[in-house]
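A.B. asks: Dropping the structure in here first, questions after.
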Amino acid sequence: MVTKVKRAGLRVRVLAALIALMTSVEVVSAELDRESFSLVGEALVEVGPFDLDVYQVRHFTRNANETLVELTYLRDVPRYLSLKGWDKGFEHIASVPDLKVAMDWVRSKTPDLKEGDRFAMLVAGSVTSLYLNSLLVAKSDSPNVARIIHSPWIGDKALDLKIRAQLLGKE
C-alpha cells in the first residue's frame, strides 16, 4: 500500500515538473512583423548561364540596430543549391577560423525552398532570427552569425555589386 502512495506522489511531482518546464520554455512560433520595417531597396537575383530568375531580394531596416533581408523565391530551390550559394557568398571569409562556427550554423539552418516561399534573415544587434513564410524557424545569439548573414547581399564584399547598390537604395 505504501509503494502505491509513493508512486502516485512521484507521478504528481513529475507531472508538476513537466508543466513547469512547458510553461517556462519560450515558444518558437513568433511571426515576423514585416509591416514595422522600412524598405531600403530591392533587386532580382538571376543565376546561371541563362540568368534564371531565382528570387526577389528586399532589404529593410527598422532602426539603426535592426536589418532584415528577405528572399521571395520565384522557383523551387533545393537545399543543396542554397548551400552552394552560401559557400560562394562566404568565400571571402571561409579561411577565418572565428567565423567557421557561424558559417556552419547558417548552413545547418538552410531549408529546401519552394516557389513562393519567403526566407527572411533578421539581425537585431547580435541576435539573428531566421523566418520561413513569416514563422520563426531558428535563432542565434552569436555576434558572428549576425556579422556574416547578410554579407552575400549587402556586405562590403557582396556577390554582386549592382544588387548590393540596389538593396542599399543607391541605384
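Please note that chains go A, B, ... in the order of the C-alpha cells, that every chain numbers its residues from 1, and that ligands are numbered from 1 in the order shown.
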In segment 8-162 of chain A, what's helix (DSSP H, G or I) per DSSP? Answer as a VMD selection string?
C.D. replies: chain A and resid 8 to 24 34 to 36 79 to 89 91 to 93 97 to 108 143 to 148 151 to 154 161 to 162
A.B. asks: Only C-alpha atoms, please: the residues just picked out, written as a compact mmCIF listing (two decimals), in the first residue's frame.
C.D. replies:
```
# COMPACT_ATOMS: atom_id res chain seq x y z
CA ALA A 8 1.31 8.33 -7.03
CA GLY A 9 3.24 11.11 -5.27
CA LEU A 10 6.17 10.66 -7.65
CA ARG A 11 3.84 10.82 -10.65
CA VAL A 12 2.31 14.05 -9.37
CA ARG A 13 5.77 15.59 -8.87
CA VAL A 14 6.90 14.53 -12.37
CA LEU A 15 3.72 15.93 -13.89
CA ALA A 16 4.17 19.20 -11.97
CA ALA A 17 7.79 19.45 -13.19
CA LEU A 18 6.71 18.85 -16.80
CA ILE A 19 4.03 21.53 -16.56
CA ALA A 20 6.56 23.97 -15.08
CA LEU A 21 9.01 23.23 -17.90
CA MET A 22 6.37 23.59 -20.57
CA THR A 23 5.24 26.98 -19.29
CA SER A 24 8.79 28.34 -18.88
CA ARG A 34 7.36 42.98 -41.58
CA GLU A 35 4.99 45.97 -41.50
CA SER A 36 7.11 47.81 -38.92
CA ARG A 79 18.81 22.92 -50.13
CA TYR A 80 21.99 21.71 -51.83
CA LEU A 81 21.82 24.62 -54.30
CA SER A 82 21.25 27.12 -51.50
CA LEU A 83 24.30 25.69 -49.72
CA LYS A 84 26.37 26.30 -52.86
CA GLY A 85 25.14 29.88 -52.78
CA TRP A 86 26.17 30.30 -49.13
CA ASP A 87 29.58 28.80 -49.92
CA LYS A 88 30.08 31.32 -52.72
CA GLY A 89 28.82 34.18 -50.55
CA GLU A 91 34.28 32.56 -49.87
CA HIS A 92 35.93 35.76 -48.68
CA ILE A 93 35.64 34.72 -45.02
CA PRO A 97 38.62 30.38 -38.04
CA ASP A 98 36.44 32.52 -35.73
CA LEU A 99 33.66 32.55 -38.35
CA LYS A 100 33.57 28.82 -39.15
CA VAL A 101 31.02 28.03 -36.44
CA ALA A 102 28.81 30.88 -37.67
CA MET A 103 29.01 29.67 -41.28
CA ASP A 104 28.19 26.13 -40.15
CA TRP A 105 25.17 27.40 -38.21
CA VAL A 106 23.83 29.27 -41.26
CA ARG A 107 24.33 26.21 -43.46
CA SER A 108 22.64 23.91 -40.93
CA PRO A 143 27.52 38.06 -32.90
CA ASN A 144 29.45 36.25 -35.66
CA VAL A 145 26.25 34.93 -37.24
CA ALA A 146 24.83 38.46 -37.13
CA ARG A 147 28.04 39.75 -38.70
CA ILE A 148 28.01 37.38 -41.71
CA SER A 151 27.18 39.71 -46.30
CA PRO A 152 26.37 37.93 -49.61
CA TRP A 153 23.87 40.70 -50.45
CA ILE A 154 24.79 43.92 -48.63
CA LEU A 161 27.84 44.94 -56.51
CA LYS A 162 24.90 46.07 -58.67
```
A.B. asks: Need the shell around segment 49-54 of chain A: protein/DNA/RNA residues with any atom at most 8 Å away, counting only C-alpha atoms. Skip same-chain ones fewer than 2 positions apart. Format as a list in words?
C.D. replies: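 Here the answer would be Leu44, Val45, Glu46, Val47, Gln56, Tyr73, Leu74, Arg75 and Val77 of chain A.
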A.B. asks: Write the residues of the preceding selection, restricted to N, CA and C atoms, as a PDB file, in the first residue's frame.
C.D. replies:
```
ATOM      1  N   LEU A  44      16.283  41.823 -58.252  1.00  0.00           N
ATOM      2  CA  LEU A  44      16.011  40.486 -58.763  1.00  0.00           C
ATOM      3  C   LEU A  44      17.339  39.750 -58.868  1.00  0.00           C
ATOM      4  N   VAL A  45      17.408  38.546 -58.306  1.00  0.00           N
ATOM      5  CA  VAL A  45      18.633  37.751 -58.381  1.00  0.00           C
ATOM      6  C   VAL A  45      18.446  36.678 -59.445  1.00  0.00           C
ATOM      7  N   GLU A  46      19.335  36.727 -60.439  1.00  0.00           N
ATOM      8  CA  GLU A  46      19.328  35.769 -61.545  1.00  0.00           C
ATOM      9  C   GLU A  46      20.605  34.942 -61.442  1.00  0.00           C
ATOM     10  N   VAL A  47      20.486  33.645 -61.724  1.00  0.00           N
ATOM     11  CA  VAL A  47      21.614  32.744 -61.538  1.00  0.00           C
ATOM     12  C   VAL A  47      21.798  31.864 -62.764  1.00  0.00           C
ATOM     13  N   GLN A  56      13.518  37.283 -55.555  1.00  0.00           N
ATOM     14  CA  GLN A  56      13.495  38.730 -55.374  1.00  0.00           C
ATOM     15  C   GLN A  56      14.044  38.962 -53.967  1.00  0.00           C
ATOM     16  N   TYR A  73      11.122  33.509 -53.207  1.00  0.00           N
ATOM     17  CA  TYR A  73      11.558  32.563 -54.243  1.00  0.00           C
ATOM     18  C   TYR A  73      10.582  32.509 -55.412  1.00  0.00           C
ATOM     19  N   LEU A  74      11.144  32.588 -56.611  1.00  0.00           N
ATOM     20  CA  LEU A  74      10.368  32.567 -57.845  1.00  0.00           C
ATOM     21  C   LEU A  74      10.359  31.184 -58.484  1.00  0.00           C
ATOM     22  N   ARG A  75      11.071  30.255 -57.865  1.00  0.00           N
ATOM     23  CA  ARG A  75      11.129  28.862 -58.330  1.00  0.00           C
ATOM     24  C   ARG A  75      11.577  28.000 -57.154  1.00  0.00           C
ATOM     25  N   VAL A  77      13.991  25.790 -55.056  1.00  0.00           N
ATOM     26  CA  VAL A  77      15.442  25.726 -54.919  1.00  0.00           C
ATOM     27  C   VAL A  77      15.759  24.688 -53.843  1.00  0.00           C
TER      28      VAL A  77
END
```
A.B. asks: Using only C-alpha atoms, which residues sit within 12 Å of Glu42 of chain A once same-chain residues fewer than 5 positions away are excluded, as a PyMOL selection string?
C.D. replies: chain A and resi 55-60+68-72+153-154+162-171
A.B. asks: Just give me the gap between atom CA of Val137 of chain A and atom CA of Gly155 of chain A in Å, one decimal is fine.
C.D. replies: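 Between these atoms lies a distance of 23.5 Å.
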A.B. asks: My list of candidates is A:Asp141, A:Asp76, A:Asp156, A:Glu66. Which is closest to Asp117 of chain A when distances are computed with only C-alpha atoms?
C.D. replies: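 The answer is A:Asp76, which sits nearest to Asp117 of chain A.
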A.B. asks: Ranking A:Arg62, A:Lys109, A:Lys157, A:Arg118 by minimum distance to Asn133 of chain A and counting only C-alpha atoms, which one comes first?
C.D. replies: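 Under the stated criterion, the closest residue is A:Arg118.
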A.B. asks: For Ser134 of chain A, which residue among A:Phe37, A:Ala30, A:Ala64, A:Gly116 is the nearest when counting only C-alpha atoms?
C.D. replies: A:Ala30
